[in-house]
Amino acid sequence: MKRILVLVAALVLAVVGCSQKGFDTRLTVEPRPVPGVDMSVYKTWNFGRQGEYVKTGIEALDDPAFRQSVADHTIAEMAKLGYTNAVSDPDLLVMFHVIVEDRYDEVKANPAYQNYDMAWATVSDDDVWQEGSIALFVIDARSGKQVWGSVARAELDKHSTADTKKTRFKETVSRMLADFPKRTP
């Protein structure tokens, strides 16, 4: 009897622990510092590759006002860290790359199960979503080499307003820069 209870408990924990979509949908941020880089030599920065913007296909994110608000927020965050935004001859170039990918529940959509009676595996709107990733690259402006980076990922909320998307994007940028080395004068 104990053995059956243990097996049932293990099965329940396994089922409860699995995300419906197969991965954790909360925001994850992964800083990626480059080993051996002396960040103390950098004082100024600017955005790299000005004017180059790859559209995401999401109207709110592709809006120039949205992009400007994120730029303004990044300038403020970098200032809090002690770095000066310099239009000409910056020490660092900061670049964002945004990727939006369609995702789906791979178990439910697996053709290997199509001949089985799996009512639970009926694909619904909840089994298809978009995942957004932001890659932040910090480049030494003189050498062109990356000196720091960060990657953030999260499921995009289908029902959020443009203002909510803007707020969430700014919060993500803040979290990404939280591990950026603070400049000490």
# chains A, B, ... in the order shown; residues from 1 in each chain; ligands from 1
>>> residues_around(residues="A:Arg67", least_positions_apart="4", cutoff="12 Å", atoms="only C-alpha atoms", output="list of chain:residue names")
A:Gln50, A:Gly51, A:Glu52, A:Tyr53, A:Val54, A:Lys55, A:Thr56, A:Glu59, A:Ala60, A:Leu61, A:Asp62, A:Asp63, A:Ala71, A:Asp72, A:His73, A:Thr74, A:Phe96, A:His97, A:Val98, A:Ala162, A:Lys165, A:Lys166, A:Thr167, A:Phe169, A:Lys170
>>> write_last_selection(atoms="N, CA and C atoms", output="CSV table (one decimal), in the first residue's frame")
chain,number,residue,atom,x,y,z
A,50,GLN,N,22.8,52.8,-35.4
A,50,GLN,CA,21.6,53.6,-35.4
A,50,GLN,C,20.9,53.5,-36.8
A,51,GLY,N,19.6,53.5,-36.7
A,51,GLY,CA,18.8,53.4,-37.9
A,51,GLY,C,18.5,52.0,-38.4
A,52,GLU,N,19.2,51.0,-37.9
A,52,GLU,CA,19.0,49.6,-38.3
A,52,GLU,C,18.0,49.0,-37.3
A,53,TYR,N,16.8,48.7,-37.8
A,53,TYR,CA,15.8,48.1,-36.9
A,53,TYR,C,15.1,47.0,-37.6
A,54,VAL,N,15.2,45.8,-37.1
A,54,VAL,CA,14.5,44.7,-37.6
A,54,VAL,C,13.2,44.6,-37.1
A,55,LYS,N,12.1,44.6,-37.9
A,55,LYS,CA,10.8,44.6,-37.4
A,55,LYS,C,10.5,43.2,-36.8
A,56,THR,N,9.7,43.3,-35.7
A,56,THR,CA,9.3,42.1,-35.0
A,56,THR,C,8.0,41.5,-35.5
A,59,GLU,N,3.0,45.2,-33.8
A,59,GLU,CA,2.8,46.6,-34.1
A,59,GLU,C,3.3,47.5,-32.9
A,60,ALA,N,2.9,47.1,-31.7
A,60,ALA,CA,3.3,48.0,-30.5
A,60,ALA,C,4.9,48.0,-30.4
A,61,LEU,N,5.6,46.9,-30.6
A,61,LEU,CA,7.0,46.9,-30.5
A,61,LEU,C,7.7,47.6,-31.7
A,62,ASP,N,7.1,47.6,-32.8
A,62,ASP,CA,7.7,48.2,-34.0
A,62,ASP,C,7.4,49.7,-34.1
A,63,ASP,N,6.6,50.3,-33.2
A,63,ASP,CA,6.2,51.7,-33.2
A,63,ASP,C,7.4,52.5,-32.8
A,71,ALA,N,14.6,53.6,-25.6
A,71,ALA,CA,15.9,54.2,-25.7
A,71,ALA,C,16.1,55.2,-24.6
A,72,ASP,N,15.1,56.0,-24.3
A,72,ASP,CA,15.2,57.0,-23.2
A,72,ASP,C,15.4,56.3,-21.9
A,73,HIS,N,14.7,55.2,-21.7
A,73,HIS,CA,14.8,54.4,-20.5
A,73,HIS,C,16.2,53.8,-20.3
A,74,THR,N,16.7,53.3,-21.4
A,74,THR,CA,18.1,52.7,-21.4
A,74,THR,C,19.1,53.8,-21.1
A,96,PHE,N,20.5,46.3,-29.0
A,96,PHE,CA,19.4,45.3,-28.6
A,96,PHE,C,19.0,44.6,-29.9
A,97,HIS,N,18.7,43.3,-29.7
A,97,HIS,CA,18.2,42.5,-30.8
A,97,HIS,C,16.9,41.8,-30.2
A,98,VAL,N,15.8,42.1,-30.9
A,98,VAL,CA,14.5,41.5,-30.4
A,98,VAL,C,14.1,40.4,-31.4
A,162,ALA,N,-0.7,48.3,-25.4
A,162,ALA,CA,0.6,48.8,-25.8
A,162,ALA,C,1.4,49.4,-24.7
A,165,LYS,N,2.8,46.6,-22.6
A,165,LYS,CA,4.0,46.0,-23.3
A,165,LYS,C,5.2,47.0,-23.1
A,166,LYS,N,5.0,48.3,-23.2
A,166,LYS,CA,6.1,49.2,-23.0
A,166,LYS,C,6.6,49.1,-21.6
A,167,THR,N,5.8,49.1,-20.6
A,167,THR,CA,6.2,49.0,-19.2
A,167,THR,C,7.0,47.7,-19.0
A,169,PHE,N,8.6,45.9,-21.2
A,169,PHE,CA,9.9,45.9,-21.9
A,169,PHE,C,10.9,46.7,-21.1
A,170,LYS,N,10.4,47.9,-20.6
A,170,LYS,CA,11.4,48.7,-19.8
A,170,LYS,C,11.8,47.9,-18.6
>>> closest_residue(among="A:Lys43, A:Asp91, A:Gly149, A:Gly48", to="A:Ala178", atoms="only C-alpha atoms")
A:Gly149
>>> residues_around(residues="A:Val138", least_positions_apart="4", cutoff="10 Å", atoms="only C-alpha atoms", output="PyMOL selection string")
chain A and resi 33-34+45-48+92-96+144-150+180
>>> residues_around(residues="stretch 154-156 of chain A", least_positions_apart="6", cutoff="9 Å", atoms="only C-alpha atoms", output="JSON, numbers by chain")
{"A": [24, 25, 26, 27, 28, 100, 129, 130, 131, 132, 133, 165]}
>>> select_by_dssp(residues="stretch 135-183 of chain A", states="strand (DSSP E)", output="VMD selection string")
chain A and resid 135 to 140 146 to 155
>>> closest_residue(among="A:Pro111, A:Phe137, A:Arg142, A:Ala65", to="A:Pro31", atoms="only C-alpha atoms")
A:Phe137
>>> residues_around(residues="stretch 172-177 of chain A", least_positions_apart="4", cutoff="8 Å", atoms="only C-alpha atoms", output="number ranges by chain")
A: 29-31, 74, 77-78, 136, 150-152, 168
>>> atom_distance(atom1="atom CA of A:Ser88", atom2="atom CA of A:Pro64")
22.7 Å
>>> atom_distance(atom1="atom CA of A:Ala86", atom2="atom CA of A:Ile99")
27.2 Å
>>> residues_around(residues="A:Ser40", least_positions_apart="3", cutoff="10 Å", atoms="only C-alpha atoms", output="VMD selection string")
chain A and resid 37 43 181 to 185
>>> closest_residue(among="A:Lys158, A:Asp179, A:Ala112, A:Glu101", to="A:Ile134", atoms="only C-alpha atoms")
A:Glu101
>>> residues_around(residues="A:Val128", least_positions_apart="5", cutoff="8 Å", atoms="only C-alpha atoms", output="MDAnalysis selection string")
chainID A and resid 102:105
>>> select_by_dssp(residues="stretch 36-96 of chain A", states="alpha helix (DSSP H)", output="list in words")
Glu59, Ala60, Leu61, Asp62, Pro64, Ala65, Phe66, Arg67, Gln68, Ser69, Val70, Ala71, Asp72, His73, Thr74, Ile75, Ala76, Glu77, Met78, Ala79 and Lys80 of chain A
